[in-house]
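Peer 1: One structure is given below, represented as structure tokens, and several questions about it will come after.
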Amino acid sequence: MLEPRAPSGRRPRRPVRLALAAASCAAALSLVLTAAPASAAVNYVALGDSYASGLGAGNYSGGSCDRSAGAYPQLWANANHPASFAFVACSGATTTDVINSQISALSAATTLVSVTVGGNDVGFSSVMETCVLGSTSACVNAVYKAEAEARSQLPGALNTLFGDISAQAPGARVVVIGYPEFYDLSRSSGCIGLSTTDRTALDGGADLLDSVIQAATAGHAGFVYAEVRPAFGGHEICDSSSWLHSVDWFNLGDSYHPTASGQSGGYYPVFRAAA
């Protein structure tokens with residue numbers, strides 16, 4: 001039997017059209033696959049003070065820098081296996097210390113930076129010692145003095161630091177993490193130790209410090225502020241399951257710093273969500 005022909009006298013061209021369409025799809029798919037970028041390697045640098053180094057969480061390295069294996073930067077690195085990880089945060093560091101001794105770890109290849117800093121710029125340690133060892137009036141006055149310094153001096157210091165970080169690592173995402181409040185004031189009346197007036201002043205000082213840090217962060221492209229205070233809700237000093245060291249008379253340095261649970265349950269999830 002003769003094969004039916006198209007009215008023009010030519011054979012139907014559908015198979016040809018199908019073949020051309022299939023070839024076009026294959027070519028397009030090849031282009032898509034070729035253009036799809038591979039997952040970028042993460043090069044992570046952790047900067048900052050004792051809250052970033054993990055003082056209070058135990059299991060330290062780095063000599064006087066007190067870098068803890070339980071600190072949030074190390075926990076994130078353990079979970080995410082970045083291509084490179086430089087843990088240079090150091091207990092006692094100010095913004096100037098970070099500039100002078102830590103940001104040299106940054107480079108154009110750095111893709112992720114974390115930093116917690118600012119407390120030592122306004123005399124955090126001396127304020128705490130005054131509140132622990134001195135009178136309520138001395139404590140309140142020390143907090144007010146620190147707040148005045150936070151308002152007048154800290155914004156400029158943070159802007160200088162953040163500008164230097166941007167210059168050293170221009171393509172990095174920079175996560176700036178603040179500080180927790182120390183006391184659950186709703187439970188203060190049944191909690192031994194400092195007076196509620198002292199505790200209220202200390203919490204207010206932490207709030208102001210965080211607000212200054214957050215405002216400075218907002219002025220820099222590629223920077224994000226990560227709020228840690230809500231994560232510590234229900235786990236402050238005076239709560240039954242506190243994630244913060246209360247006054248430790250045998251090691252005053254640990255006082256008011258996160259425990260290992262505070263790093264893993266408070267700081268780490270906040271950083272993980274922002275990184």
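In the structure tokens, chains take letters A, B, ... by order of appearance, with residues numbered from 1 within each chain and ligands from 1 in the order shown.
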For region 256-269 of chain A, list every protein, DNA or RNA residue within 6 Å, evaluated using only C-alpha atoms, and leave out those in the same chain fewer than 6 positions away; present the list as an mmCIF file with N, CA, C and O atoms, in the first residue's frame.
Peer 2:
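out.cif was written with the following content:
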data_model
loop_
_atom_site.group_PDB
_atom_site.id
_atom_site.type_symbol
_atom_site.label_atom_id
_atom_site.label_comp_id
_atom_site.auth_asym_id
_atom_site.auth_seq_id
_atom_site.Cartn_x
_atom_site.Cartn_y
_atom_site.Cartn_z
ATOM 1 N N GLY A 56 33.379 31.097 80.045
ATOM 2 C CA GLY A 56 32.249 30.624 80.831
ATOM 3 C C GLY A 56 31.720 29.289 80.378
ATOM 4 O O GLY A 56 30.984 28.615 81.111
ATOM 5 N N ALA A 57 32.093 28.859 79.172
ATOM 6 C CA ALA A 57 31.598 27.588 78.627
ATOM 7 C C ALA A 57 32.564 26.433 78.840
ATOM 8 O O ALA A 57 32.221 25.277 78.595
ATOM 9 N N GLY A 70 33.006 24.979 73.246
ATOM 10 C CA GLY A 70 31.556 25.124 73.280
ATOM 11 C C GLY A 70 31.068 26.480 72.848
ATOM 12 O O GLY A 70 29.865 26.767 72.957
ATOM 13 N N ALA A 71 31.940 27.352 72.335
ATOM 14 C CA ALA A 71 31.539 28.683 71.885
ATOM 15 C C ALA A 71 30.753 28.598 70.580
ATOM 16 O O ALA A 71 30.968 27.707 69.765
ATOM 17 N N TYR A 72 29.875 29.576 70.365
ATOM 18 C CA TYR A 72 29.009 29.502 69.182
ATOM 19 C C TYR A 72 29.770 29.446 67.858
ATOM 20 O O TYR A 72 29.330 28.728 66.936
ATOM 21 N N ALA A 231 16.347 34.888 72.974
ATOM 22 C CA ALA A 231 16.770 33.492 73.101
ATOM 23 C C ALA A 231 17.078 33.132 74.543
ATOM 24 O O ALA A 231 16.957 31.962 74.945
ATOM 25 N N PHE A 232 17.476 34.118 75.348
ATOM 26 C CA PHE A 232 17.795 33.872 76.751
ATOM 27 C C PHE A 232 16.585 34.055 77.670
ATOM 28 O O PHE A 232 16.718 33.893 78.887
ATOM 29 N N TRP A 243 21.151 30.209 81.855
ATOM 30 C CA TRP A 243 22.223 29.986 80.900
ATOM 31 C C TRP A 243 23.353 30.992 81.090
ATOM 32 O O TRP A 243 24.219 31.131 80.230
ATOM 33 N N LEU A 244 23.328 31.694 82.210
ATOM 34 C CA LEU A 244 24.370 32.676 82.519
ATOM 35 C C LEU A 244 24.955 32.388 83.890
ATOM 36 O O LEU A 244 24.219 32.022 84.816
ATOM 37 N N HIS A 245 26.253 32.560 84.019
ATOM 38 C CA HIS A 245 26.880 32.420 85.319
ATOM 39 C C HIS A 245 26.464 33.579 86.211
ATOM 40 O O HIS A 245 26.532 34.743 85.801
ATOM 41 N N SER A 246 26.055 33.268 87.419
ATOM 42 C CA SER A 246 25.864 34.302 88.420
ATOM 43 C C SER A 246 27.244 34.680 88.954
ATOM 44 O O SER A 246 28.268 34.297 88.367
#
Peer 1: DSSP on the backbone, alpha helix (DSSP H) only: what residues of region 39-260 of chain A does that give? Format it as a PyMOL selection string.
Peer 2: chain A and resi 50-53+72-80+95-101+124-133+136-152+154-168+196-218+260
Peer 1: Pull C-alpha atoms from the residues just selected and write them as a tab-separated table (two decimals), in the first residue's frame.
Peer 2:
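Done, and the output landed in result-v5.tsv:
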chain	number	residue	atom	x	y	z
A	50	SER	CA	34.74	36.87	75.63
A	51	TYR	CA	31.12	36.32	74.59
A	52	ALA	CA	32.40	35.21	71.18
A	53	SER	CA	35.40	33.28	72.51
A	72	TYR	CA	29.01	29.50	69.18
A	73	PRO	CA	31.61	29.99	66.41
A	74	GLN	CA	33.12	26.57	67.07
A	75	LEU	CA	29.69	24.94	67.28
A	76	TRP	CA	28.72	26.42	63.91
A	77	ALA	CA	31.98	25.30	62.32
A	78	ASN	CA	31.53	21.78	63.71
A	79	ALA	CA	28.04	21.55	62.24
A	80	ASN	CA	28.70	23.18	58.86
A	95	THR	CA	37.00	47.17	69.18
A	96	THR	CA	40.59	48.45	68.98
A	97	ASP	CA	41.93	45.01	69.91
A	98	VAL	CA	39.85	43.43	67.15
A	99	ILE	CA	41.29	45.91	64.65
A	100	ASN	CA	44.87	45.47	65.84
A	101	SER	CA	44.96	41.74	66.51
A	124	PHE	CA	31.95	45.93	81.24
A	125	SER	CA	34.26	44.06	83.61
A	126	SER	CA	34.82	46.95	85.98
A	127	VAL	CA	31.09	47.72	86.09
A	128	MET	CA	30.33	44.15	87.08
A	129	GLU	CA	32.99	44.16	89.78
A	130	THR	CA	31.64	47.43	91.16
A	131	CYS	CA	28.13	46.01	91.31
A	132	VAL	CA	29.27	42.80	92.97
A	133	LEU	CA	31.66	44.33	95.48
A	136	THR	CA	23.91	49.91	95.15
A	137	SER	CA	24.62	53.58	94.53
A	138	ALA	CA	28.13	52.75	93.32
A	139	CYS	CA	26.70	50.10	91.00
A	140	VAL	CA	24.06	52.39	89.53
A	141	ASN	CA	26.58	55.20	89.02
A	142	ALA	CA	28.99	52.81	87.28
A	143	VAL	CA	26.24	51.65	84.95
A	144	TYR	CA	25.21	55.22	84.14
A	145	LYS	CA	28.83	56.14	83.37
A	146	ALA	CA	29.13	53.14	81.03
A	147	GLU	CA	25.88	54.09	79.32
A	148	ALA	CA	27.17	57.62	78.72
A	149	GLU	CA	30.31	56.19	77.11
A	150	ALA	CA	28.21	53.82	75.03
A	151	ARG	CA	26.23	56.74	73.66
A	152	SER	CA	29.15	59.08	73.03
A	154	LEU	CA	30.98	53.44	71.07
A	155	PRO	CA	29.18	54.37	67.81
A	156	GLY	CA	32.38	55.83	66.35
A	157	ALA	CA	34.49	52.88	67.51
A	158	LEU	CA	32.05	50.37	66.00
A	159	ASN	CA	31.81	52.28	62.72
A	160	THR	CA	35.59	52.28	62.43
A	161	LEU	CA	35.74	48.56	63.12
A	162	PHE	CA	32.92	47.72	60.73
A	163	GLY	CA	34.50	49.84	58.01
A	164	ASP	CA	37.79	47.99	58.46
A	165	ILE	CA	36.03	44.63	58.30
A	166	SER	CA	34.36	45.66	55.03
A	167	ALA	CA	37.69	46.76	53.59
A	168	GLN	CA	39.40	43.50	54.54
A	196	THR	CA	16.65	44.55	92.37
A	197	THR	CA	17.85	48.13	91.83
A	198	ASP	CA	21.30	46.82	90.86
A	199	ARG	CA	19.81	44.21	88.60
A	200	THR	CA	17.49	46.67	86.89
A	201	ALA	CA	20.41	48.99	86.19
A	202	LEU	CA	22.52	46.14	84.75
A	203	ASP	CA	19.72	44.94	82.47
A	204	GLY	CA	19.13	48.50	81.32
A	205	GLY	CA	22.81	48.90	80.55
A	206	ALA	CA	22.77	45.71	78.45
A	207	ASP	CA	19.72	46.98	76.57
A	208	LEU	CA	21.37	50.29	75.76
A	209	LEU	CA	24.57	48.57	74.66
A	210	ASP	CA	22.61	46.36	72.28
A	211	SER	CA	20.70	49.31	70.86
A	212	VAL	CA	23.95	51.16	70.09
A	213	ILE	CA	25.45	48.07	68.42
A	214	GLN	CA	22.30	47.47	66.38
A	215	ALA	CA	22.22	51.08	65.17
A	216	ALA	CA	25.88	50.93	64.12
A	217	THR	CA	25.29	47.66	62.26
A	218	ALA	CA	22.44	49.16	60.24
A	260	ALA	CA	27.96	26.02	77.75
Peer 1: Excluding same-chain residues fewer than 5 positions from Pro230 (chain A), what lies within 10 Å of it counting only C-alpha atoms, as a list of chain:residue names?
Peer 2: A:Pro180, A:Glu181, A:His235, A:Gly266, A:Val270
Peer 1: Would you mind exporting the chosen residues as a PDB file, in the first residue's frame, restricted to N, CA, C and O atoms?
Peer 2:
ATOM      1  N   PRO A 180      23.050  39.357  75.995  1.00  0.00           N
ATOM      2  CA  PRO A 180      21.773  39.086  76.664  1.00  0.00           C
ATOM      3  C   PRO A 180      21.548  40.036  77.835  1.00  0.00           C
ATOM      4  O   PRO A 180      22.485  40.663  78.336  1.00  0.00           O
ATOM      5  N   GLU A 181      20.296  40.149  78.263  1.00  0.00           N
ATOM      6  CA  GLU A 181      20.037  40.720  79.579  1.00  0.00           C
ATOM      7  C   GLU A 181      20.490  39.689  80.605  1.00  0.00           C
ATOM      8  O   GLU A 181      20.494  38.485  80.348  1.00  0.00           O
ATOM      9  N   HIS A 235      15.882  31.950  80.783  1.00  0.00           N
ATOM     10  CA  HIS A 235      17.172  31.327  81.122  1.00  0.00           C
ATOM     11  C   HIS A 235      18.165  32.365  81.635  1.00  0.00           C
ATOM     12  O   HIS A 235      19.370  32.229  81.438  1.00  0.00           O
ATOM     13  N   GLY A 266      21.497  29.464  73.332  1.00  0.00           N
ATOM     14  CA  GLY A 266      21.197  30.865  73.099  1.00  0.00           C
ATOM     15  C   GLY A 266      21.908  31.429  71.887  1.00  0.00           C
ATOM     16  O   GLY A 266      21.286  31.746  70.874  1.00  0.00           O
ATOM     17  N   VAL A 270      20.866  31.533  67.280  1.00  0.00           N
ATOM     18  CA  VAL A 270      20.706  32.876  66.722  1.00  0.00           C
ATOM     19  C   VAL A 270      21.699  33.103  65.585  1.00  0.00           C
ATOM     20  O   VAL A 270      21.336  33.622  64.510  1.00  0.00           O
TER      21      VAL A 270
END
Peer 1: Would you return as an NGL selection string the members of region 7-242 of chain A that DSSP assigns to strand (DSSP E) on this structure's backbone?
Peer 2: :A and (43-48 or 60-61 or 67-68 or 84-87 or 112-116 or 173-177 or 223-226)
Peer 1: Provide the CA of Thr111 (chain A) to CA of Gly171 (chain A) distance in Å, to one decimal place.
Peer 2: 6.1 Å
Peer 1: Can you tell me which residues surround Val175 (chain A) at a distance of at most 10 Å, considering only C-alpha atoms, apart from same-chain residues fewer than 3 positions away, and format the answer as a list in words?
Peer 2: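 These residues fall inside the cut-off: Ala46, Leu112, Val113, Ser114, Val115, Thr116, Ala172, Gly178, Thr217, Gly222, Phe223, Val224, Tyr225, Ala226, Val270, Phe271, Arg272, Ala274 and Ala275 of chain A.
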Peer 1: Tell me, in Å to one decimal, how far CA of Val88 (chain A) is from CA of Ser255 (chain A).
Peer 2: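 Going from CA of Val88 (chain A) over to CA of Ser255 (chain A) covers 22.0 Å.
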Peer 1: One number please: CA of Phe87 (chain A) to CA of Asp248 (chain A), in Å, one decimal.
Peer 2: 26.6 Å
Peer 1: Measuring atom to atom with only C-alpha atoms, identify which of A:Ala86, A:Ser242, A:Asp49, A:Tyr183 is nearest to Asn120 (chain A).
Peer 2: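 Distance minimum relative to Asn120 (chain A) lands on A:Asp49.
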Peer 1: Considering only C-alpha atoms, can you say which of A:Cys238, A:Val122, A:Val42, A:Ile192 comes closest to Ala109 (chain A)?
Peer 2: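 Between A:Cys238, A:Val122, A:Val42, A:Ile192, the residue approaching Ala109 (chain A) most closely is A:Val42.
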